[in-house]
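Structure below is target12.cif: mmCIF, C-alpha atoms.
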```cif
data_model
loop_
_atom_site.label_atom_id
_atom_site.label_comp_id
_atom_site.auth_asym_id
_atom_site.auth_seq_id
_atom_site.Cartn_x
_atom_site.Cartn_y
_atom_site.Cartn_z
CA MET A 1 4.21 -10.93 8.71
CA ASN A 2 7.81 -10.88 9.80
CA PRO A 3 8.65 -7.63 11.62
CA LEU A 4 10.65 -5.03 9.76
CA SER A 5 13.91 -3.69 11.14
CA LEU A 6 13.63 -0.01 12.00
CA ASP A 7 17.43 0.18 11.99
CA ALA A 8 17.51 -1.07 8.41
CA ILE A 9 14.78 1.37 7.33
CA ASN A 10 16.43 4.30 9.09
CA ALA A 11 19.81 3.49 7.57
CA SER A 12 18.47 4.72 4.22
CA SER A 13 15.41 6.81 5.11
CA PRO A 14 15.75 10.61 4.95
CA TYR A 15 13.27 10.96 7.85
CA PHE A 16 13.28 9.02 11.11
CA VAL A 17 10.76 6.18 10.97
CA SER A 18 9.18 4.66 14.06
CA LEU A 19 6.68 1.91 14.80
CA SER A 20 3.48 2.93 16.53
CA LYS A 21 0.38 0.74 16.92
CA GLY A 22 1.71 -1.58 14.22
CA GLU A 23 2.12 1.24 11.71
CA TYR A 24 5.30 2.86 10.42
CA VAL A 25 5.23 6.57 11.23
CA PHE A 26 7.34 9.52 10.16
CA GLN A 27 7.19 13.29 10.17
CA THR A 28 8.48 15.54 7.38
CA GLN A 29 10.35 18.82 7.58
CA SER A 30 7.15 20.74 6.80
CA GLY A 31 5.35 18.99 9.67
CA ALA A 32 3.28 16.51 7.72
CA ILE A 33 2.80 13.20 9.52
CA TYR A 34 2.63 9.98 7.51
CA ASN A 35 1.73 6.45 8.51
CA VAL A 36 2.30 3.33 6.46
CA SER A 37 0.68 -0.01 7.07
CA PHE A 38 0.79 -3.60 5.85
CA ASP A 39 -2.36 -5.61 6.60
CA GLU A 40 -2.93 -9.23 5.68
CA ASP A 41 -5.48 -9.49 2.89
CA MET A 42 -6.69 -11.87 0.18
CA GLU A 43 -4.89 -14.96 -1.06
CA ILE A 44 -3.74 -14.92 -4.66
CA ALA A 45 -2.92 -18.32 -6.14
CA GLY A 46 -2.85 -19.66 -2.59
CA CYS A 47 -0.29 -17.08 -1.44
CA ILE A 48 -0.80 -14.42 1.23
CA SER A 49 -0.92 -10.80 0.17
CA TYR A 50 -0.53 -7.73 2.35
CA GLN A 51 -2.57 -4.63 1.71
CA PHE A 52 -0.27 -1.62 1.53
CA SER A 53 -1.64 1.73 2.71
CA ILE A 54 -0.22 5.24 3.13
CA ARG A 55 -2.05 8.05 4.90
CA ARG A 56 -0.89 11.53 5.80
CA ARG A 57 -1.89 14.56 7.81
CA ILE A 58 -0.58 17.84 6.46
CA VAL A 59 -0.19 21.14 8.26
CA THR A 60 0.79 23.41 5.37
CA ASP A 61 0.02 23.68 1.68
CA LYS A 62 3.59 22.75 0.86
CA THR A 63 2.88 19.14 0.04
CA PHE A 64 5.61 18.17 -2.42
CA ASP A 65 8.55 16.69 -0.60
CA PRO A 66 10.91 14.45 -2.60
CA ASN A 67 12.16 12.85 0.61
CA VAL A 68 8.80 11.17 1.16
CA GLN A 69 9.38 8.95 -1.87
CA ASN A 70 12.67 7.72 -0.41
CA VAL A 71 11.15 7.01 3.00
CA ILE A 72 8.34 4.97 1.47
CA LEU A 73 10.77 3.04 -0.73
CA SER A 74 13.00 2.31 2.28
CA ILE A 75 10.00 0.83 4.10
CA ILE A 76 8.86 -1.24 1.11
CA TYR A 77 12.34 -2.60 0.40
CA GLU A 78 12.62 -3.63 4.05
CA PHE A 79 9.19 -5.29 3.83
CA PHE A 80 10.42 -7.46 0.95
CA ASP A 81 13.75 -8.10 2.64
CA LYS A 82 11.90 -9.71 5.55
CA ASN A 83 8.80 -11.05 3.79
CA GLU A 84 8.66 -13.07 0.61
CA ASP A 85 5.01 -12.18 0.07
CA ILE A 86 2.75 -10.28 -2.28
CA LEU A 87 2.12 -6.59 -1.71
CA LEU A 88 -1.41 -5.63 -2.69
CA TYR A 89 -2.72 -2.18 -3.40
CA THR A 90 -6.44 -1.55 -3.91
CA CYS A 91 -8.53 1.57 -4.09
CA ASP A 92 -11.88 2.73 -5.37
CA ASN A 93 -13.03 6.04 -6.75
CA THR A 94 -14.57 7.42 -3.56
CA ASP A 95 -11.71 9.89 -3.16
CA HIS A 96 -10.05 10.73 -6.47
CA LYS A 97 -7.27 12.82 -4.94
CA GLU A 98 -6.39 10.21 -2.34
CA SER A 99 -6.37 7.47 -4.96
CA ALA A 100 -4.09 9.46 -7.22
CA ARG A 101 -1.72 10.19 -4.35
CA ASN A 102 -1.62 6.59 -3.29
CA ARG A 103 -0.95 5.38 -6.82
CA LEU A 104 2.13 7.58 -6.77
CA PHE A 105 3.96 4.95 -4.79
CA LEU A 106 3.70 2.55 -7.72
CA ARG A 107 5.26 5.16 -10.00
CA TRP A 108 7.99 5.80 -7.43
CA PHE A 109 8.64 2.11 -7.33
CA GLN A 110 8.95 1.92 -11.10
CA GLU A 111 11.20 4.99 -11.21
CA ALA A 112 13.45 3.47 -8.57
CA ASP A 113 14.33 0.75 -11.07
CA ALA A 114 12.68 -1.77 -8.79
CA GLU A 115 11.50 -3.78 -11.76
CA LYS A 116 14.85 -5.54 -11.80
CA GLN A 117 13.86 -7.19 -8.51
CA PHE A 118 10.07 -7.13 -8.61
CA ILE A 119 7.15 -7.67 -10.93
CA ILE A 120 4.51 -4.94 -10.72
CA LYS A 121 1.08 -5.71 -12.14
CA MET A 122 -1.77 -3.22 -12.30
CA ALA A 123 -5.39 -3.52 -13.33
CA ASP A 124 -8.66 -1.72 -13.03
CA ALA A 125 -12.26 -2.77 -13.40
CA THR A 126 -15.82 -1.71 -12.76
CA ILE A 127 -17.70 -3.87 -10.26
CA ASP A 128 -21.20 -2.96 -9.10
CA ASP A 129 -20.85 0.46 -10.78
CA GLN A 130 -17.76 1.15 -8.73
CA HIS A 131 -14.46 1.74 -10.47
CA LEU A 132 -11.75 -0.22 -8.71
CA TYR A 133 -8.03 -0.07 -9.10
CA PHE A 134 -5.72 -2.83 -7.94
CA ALA A 135 -2.07 -3.66 -8.20
CA ILE A 136 0.33 -6.25 -6.89
CA ILE A 137 4.08 -6.23 -6.37
CA ILE A 138 5.82 -9.59 -6.20
CA PRO A 139 9.52 -10.26 -5.66
CA LYS A 140 10.92 -12.12 -8.65
CA CYS A 141 12.35 -14.73 -6.29
CA HIS A 142 8.85 -15.70 -5.03
CA PRO A 143 8.52 -19.50 -5.45
CA ASN A 144 4.97 -19.20 -6.85
CA ILE A 145 5.51 -16.22 -9.09
CA THR A 146 4.31 -17.96 -12.26
CA ASP A 147 0.99 -19.02 -10.70
CA ILE A 148 0.45 -15.63 -9.05
CA CYS A 149 1.04 -13.72 -12.29
CA ALA A 150 -1.13 -16.13 -14.30
CA GLU A 151 -4.01 -15.81 -11.84
CA PHE A 152 -3.75 -12.02 -11.61
CA ASP A 153 -3.61 -11.72 -15.42
CA SER A 154 -6.59 -14.03 -15.85
CA VAL A 155 -8.75 -12.22 -13.28
CA SER A 156 -7.83 -8.74 -14.48
CA ALA A 157 -8.39 -9.64 -18.15
CA GLN A 158 -11.84 -11.05 -17.46
CA LEU A 159 -12.86 -8.18 -15.18
CA THR A 160 -11.63 -5.58 -17.64
CA ASN A 161 -13.42 -7.18 -20.58
CA LYS A 162 -16.65 -7.98 -18.82
CA PRO A 163 -18.17 -5.35 -16.51
CA GLN A 164 -19.88 -7.04 -13.56
CA MET B 1 -9.74 -19.08 -19.00
CA MET B 2 -10.99 -18.88 -15.43
CA THR B 3 -14.40 -20.42 -14.64
CA GLN B 4 -17.29 -18.09 -13.78
CA ASP B 5 -17.41 -19.56 -10.25
CA LYS B 6 -13.73 -18.81 -9.73
CA LEU B 7 -14.17 -15.33 -11.16
CA ASN B 8 -17.13 -14.67 -8.85
CA GLU B 9 -15.01 -15.84 -5.95
CA TYR B 10 -12.38 -13.27 -6.93
CA ILE B 11 -14.95 -10.50 -7.31
CA ALA B 12 -16.13 -11.22 -3.77
CA LYS B 13 -12.52 -11.17 -2.54
CA ILE B 14 -11.85 -7.85 -4.28
CA LYS B 15 -14.98 -6.31 -2.73
CA GLN B 16 -13.88 -7.55 0.69
CA SER B 17 -10.44 -6.14 0.06
CA ILE B 18 -11.85 -2.70 -0.78
CA GLN B 19 -13.97 -2.81 2.40
CA HIS B 20 -10.88 -3.87 4.34
CA LYS B 21 -9.01 -0.90 2.80
CA HIS B 22 -11.66 1.52 4.05
CA GLU B 23 -11.41 0.06 7.56
CA ILE B 24 -7.61 0.30 7.49
CA GLU B 25 -7.76 3.92 6.33
CA ALA B 26 -10.21 4.83 9.10
CA ARG B 27 -7.90 3.20 11.66
CA MET B 28 -4.85 4.99 10.22
CA ASP B 29 -6.62 8.37 10.16
CA ALA B 30 -7.61 7.93 13.80
CA HIS B 31 -3.98 7.14 14.60
CA LEU B 32 -2.79 10.25 12.72
CA GLN B 33 -5.33 12.30 14.65
CA GLU B 34 -3.90 11.01 17.96
CA LEU B 35 -0.34 11.79 16.85
CA ALA B 36 -1.31 15.31 15.73
CA GLU B 37 -3.08 15.93 19.05
CA GLU B 38 -0.02 14.72 20.95
CA ARG B 39 2.18 17.06 18.95
CA ALA B 40 -0.18 20.00 19.55
CA ARG B 41 -0.20 19.21 23.28
CA THR B 42 3.47 18.44 23.87
CA GLY B 43 5.26 20.01 20.91
CA SER B 44 6.53 16.67 19.63
CA ILE B 45 5.54 13.11 18.86
CA SER B 46 6.99 10.71 21.41
CA VAL B 47 7.31 7.74 19.04
CA LEU B 48 9.40 9.90 16.73
CA ALA B 49 11.87 10.96 19.42
CA GLN B 50 15.34 9.76 18.45
#
```

Written as structure tokens, that's how I'd like the structure from this file.
Amino acid sequence: MNPLSLDAINASSPYFVSLSKGEYVFQTQSGAIYNVSFDEDMEIAGCISYQFSIRRRIVTDKTFDPNVQNVILSIIYEFFDKNEDILLYTCDNTDHKESARNRLFLRWFQEADAEKQFIIKMADATIDDQHLYFAIIIPKCHPNITDICAEFDSVSAQLTNKPQ
Amino acid sequence: MMTQDKLNEYIAKIKQSIQHKHEIEARMDAHLQELAEERARTGSISVLAQ
């Protein structure tokens, strides 16, 4: 993965973002600490994808902070500015609250009108009695976008229609 | 339509990916724990100093 520019992220991020142990870290006004990570994962249609993850540690009950959305979007936009790759998001149902929180980023992305630049595909399926949720974000300029979308659609359609 | 072999290959990849996700989250939580401990000890997080 090509490294992201912290200067570029911090030019638009409401909170100061730093790199620590390969993860992007920031702290909110209420004291919550977040880390964001991109880890190389499965190939889709022969193209590398990066697993996107957000974790947080809160110190108060005041959890809603609209600035967090803008920080996360600044990091993701910088990821795509430096990397013409697929962003992959997966989760299972082991922690319903965490899954719901993490899926928020996809909604943020859609609300940010990112669909002009990116294709966002989501699917869910039950495999081995486990409900799984997965999504990909691909820049529209990706040279293999047609193959990636076709493969994702084919897999998700078959998994959705035929429980494994 | 994707062949069953290809689909099975994808199911295996998705399972691996979920396992990978759990490992990543454990690593990230350990990192958050270290950062929180540093803040409790020093009053700030050094990597976030501007």

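What the PyMOL selection byres ((chain B) within 7 of (chain A)) grabs from this file is Met1, Met2, Leu7, Lys13, Ser17, Ile18, Met28, Asp29, Leu32, Val47 and Leu48 of chain B.
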
Nearby residues (all atoms listed in the file) at most 8 Å from Ile120 in chain A, same-chain spacing under 3 positions excluded, as a PyMOL selection string: chain A and resi 115+135-138

Padded axis-aligned box of range 1-6 of chain A (5 Å per side), centre and edge lengths, Å, one decimal, as lines of an AutoDock Vina configuration file:
```
center_x = 9.1
center_y = -5.5
center_z = 10.4
size_x = 19.7
size_y = 20.9
size_z = 13.3
```

Take CA of His131 in chain A and CA of Arg107 in chain A and report the distance between them in Å, one decimal. 20.0 Å

Report the distance between CA of Ala11 in chain A and CA of Ile72 in chain A in Å, rounded to one decimal place. 13.1 Å

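Relative to CA of Pro139 in chain A, CA of Asn93 in chain A is found at 27.8 Å.
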
Contacts of Pro14 in chain A at 8 Å or less, counting all atoms listed in the file, minus same-chain residues fewer than 2 places along, as a VMD selection string? chain A and resid 10 12 16 67 to 68 70 to 71

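Residue nearest Glu111 in chain A, chosen from A:Thr146, A:Phe79, A:Ala8, A:Leu73 and counting all atoms listed in the file: A:Leu73.
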
Option closest in space to Asp85 in chain A, from A:His142, A:Arg103, A:Lys121, A:Lys116 [counting all atoms listed in the file]: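 Checking each candidate against Asp85 in chain A, we get A:His142 as the closest.
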
Could you please fill out range 33-63 of chain A with N, CA and C atoms and send it back as a CSV table (one decimal), in the coordinates of the input?
```csv
chain,number,residue,atom,x,y,z
A,33,ILE,N,2.6,14.5,8.9
A,33,ILE,CA,2.8,13.2,9.5
A,33,ILE,C,2.3,12.1,8.6
A,34,TYR,N,3.0,11.1,8.4
A,34,TYR,CA,2.6,10.0,7.5
A,34,TYR,C,2.6,8.7,8.3
A,35,ASN,N,1.7,7.8,8.0
A,35,ASN,CA,1.7,6.4,8.5
A,35,ASN,C,1.6,5.5,7.4
A,36,VAL,N,2.2,4.4,7.5
A,36,VAL,CA,2.3,3.3,6.5
A,36,VAL,C,1.9,2.0,7.1
A,37,SER,N,1.1,1.2,6.4
A,37,SER,CA,0.7,0.0,7.1
A,37,SER,C,0.7,-1.2,6.1
A,38,PHE,N,0.9,-2.4,6.6
A,38,PHE,CA,0.8,-3.6,5.8
A,38,PHE,C,-0.2,-4.5,6.6
A,39,ASP,N,-1.3,-4.8,5.9
A,39,ASP,CA,-2.4,-5.6,6.6
A,39,ASP,C,-2.6,-6.8,5.8
A,40,GLU,N,-2.7,-8.0,6.4
A,40,GLU,CA,-2.9,-9.2,5.7
A,40,GLU,C,-4.3,-9.2,4.9
A,41,ASP,N,-4.3,-9.6,3.7
A,41,ASP,CA,-5.5,-9.5,2.9
A,41,ASP,C,-5.7,-10.8,2.1
A,42,MET,N,-6.3,-10.7,0.9
A,42,MET,CA,-6.7,-11.9,0.2
A,42,MET,C,-5.5,-12.8,-0.3
A,43,GLU,N,-5.9,-14.0,-0.5
A,43,GLU,CA,-4.9,-15.0,-1.1
A,43,GLU,C,-5.0,-14.9,-2.6
A,44,ILE,N,-3.8,-14.9,-3.2
A,44,ILE,CA,-3.7,-14.9,-4.7
A,44,ILE,C,-2.9,-16.1,-5.0
A,45,ALA,N,-3.6,-17.0,-5.8
A,45,ALA,CA,-2.9,-18.3,-6.1
A,45,ALA,C,-2.4,-19.0,-4.9
A,46,GLY,N,-3.2,-19.0,-3.8
A,46,GLY,CA,-2.8,-19.7,-2.6
A,46,GLY,C,-1.8,-19.0,-1.8
A,47,CYS,N,-1.4,-17.8,-2.2
A,47,CYS,CA,-0.3,-17.1,-1.4
A,47,CYS,C,-0.9,-15.8,-0.7
A,48,ILE,N,-0.3,-15.6,0.4
A,48,ILE,CA,-0.8,-14.4,1.2
A,48,ILE,C,-0.4,-13.1,0.6
A,49,SER,N,-1.3,-12.2,0.6
A,49,SER,CA,-0.9,-10.8,0.2
A,49,SER,C,-1.1,-9.8,1.3
A,50,TYR,N,-0.4,-8.8,1.3
A,50,TYR,CA,-0.5,-7.7,2.4
A,50,TYR,C,-1.0,-6.4,1.7
A,51,GLN,N,-2.1,-5.9,2.2
A,51,GLN,CA,-2.6,-4.6,1.7
A,51,GLN,C,-1.7,-3.5,2.2
A,52,PHE,N,-1.2,-2.7,1.2
A,52,PHE,CA,-0.3,-1.6,1.5
A,52,PHE,C,-1.1,-0.3,1.6
A,53,SER,N,-0.9,0.5,2.6
A,53,SER,CA,-1.6,1.7,2.7
A,53,SER,C,-0.7,2.8,3.2
A,54,ILE,N,-0.9,4.0,2.7
A,54,ILE,CA,-0.2,5.2,3.1
A,54,ILE,C,-1.3,6.3,3.4
A,55,ARG,N,-1.2,6.9,4.6
A,55,ARG,CA,-2.0,8.0,4.9
A,55,ARG,C,-1.2,9.2,5.4
A,56,ARG,N,-1.7,10.4,5.3
A,56,ARG,CA,-0.9,11.5,5.8
A,56,ARG,C,-1.8,12.6,6.4
A,57,ARG,N,-1.2,13.4,7.2
A,57,ARG,CA,-1.9,14.6,7.8
A,57,ARG,C,-1.0,15.7,7.6
A,58,ILE,N,-1.5,16.7,6.8
A,58,ILE,CA,-0.6,17.8,6.5
A,58,ILE,C,-0.9,19.0,7.3
A,59,VAL,N,0.0,19.9,7.5
A,59,VAL,CA,-0.2,21.1,8.3
A,59,VAL,C,0.0,22.4,7.4
A,60,THR,N,0.6,22.2,6.2
A,60,THR,CA,0.8,23.4,5.4
A,60,THR,C,0.4,23.0,4.0
A,61,ASP,N,0.4,24.0,3.1
A,61,ASP,CA,0.0,23.7,1.7
A,61,ASP,C,1.2,23.1,0.9
A,62,LYS,N,2.4,23.2,1.5
A,62,LYS,CA,3.6,22.8,0.9
A,62,LYS,C,3.6,21.2,1.0
A,63,THR,N,3.1,20.6,-0.1
A,63,THR,CA,2.9,19.1,0.0
A,63,THR,C,3.9,18.3,-0.7
```
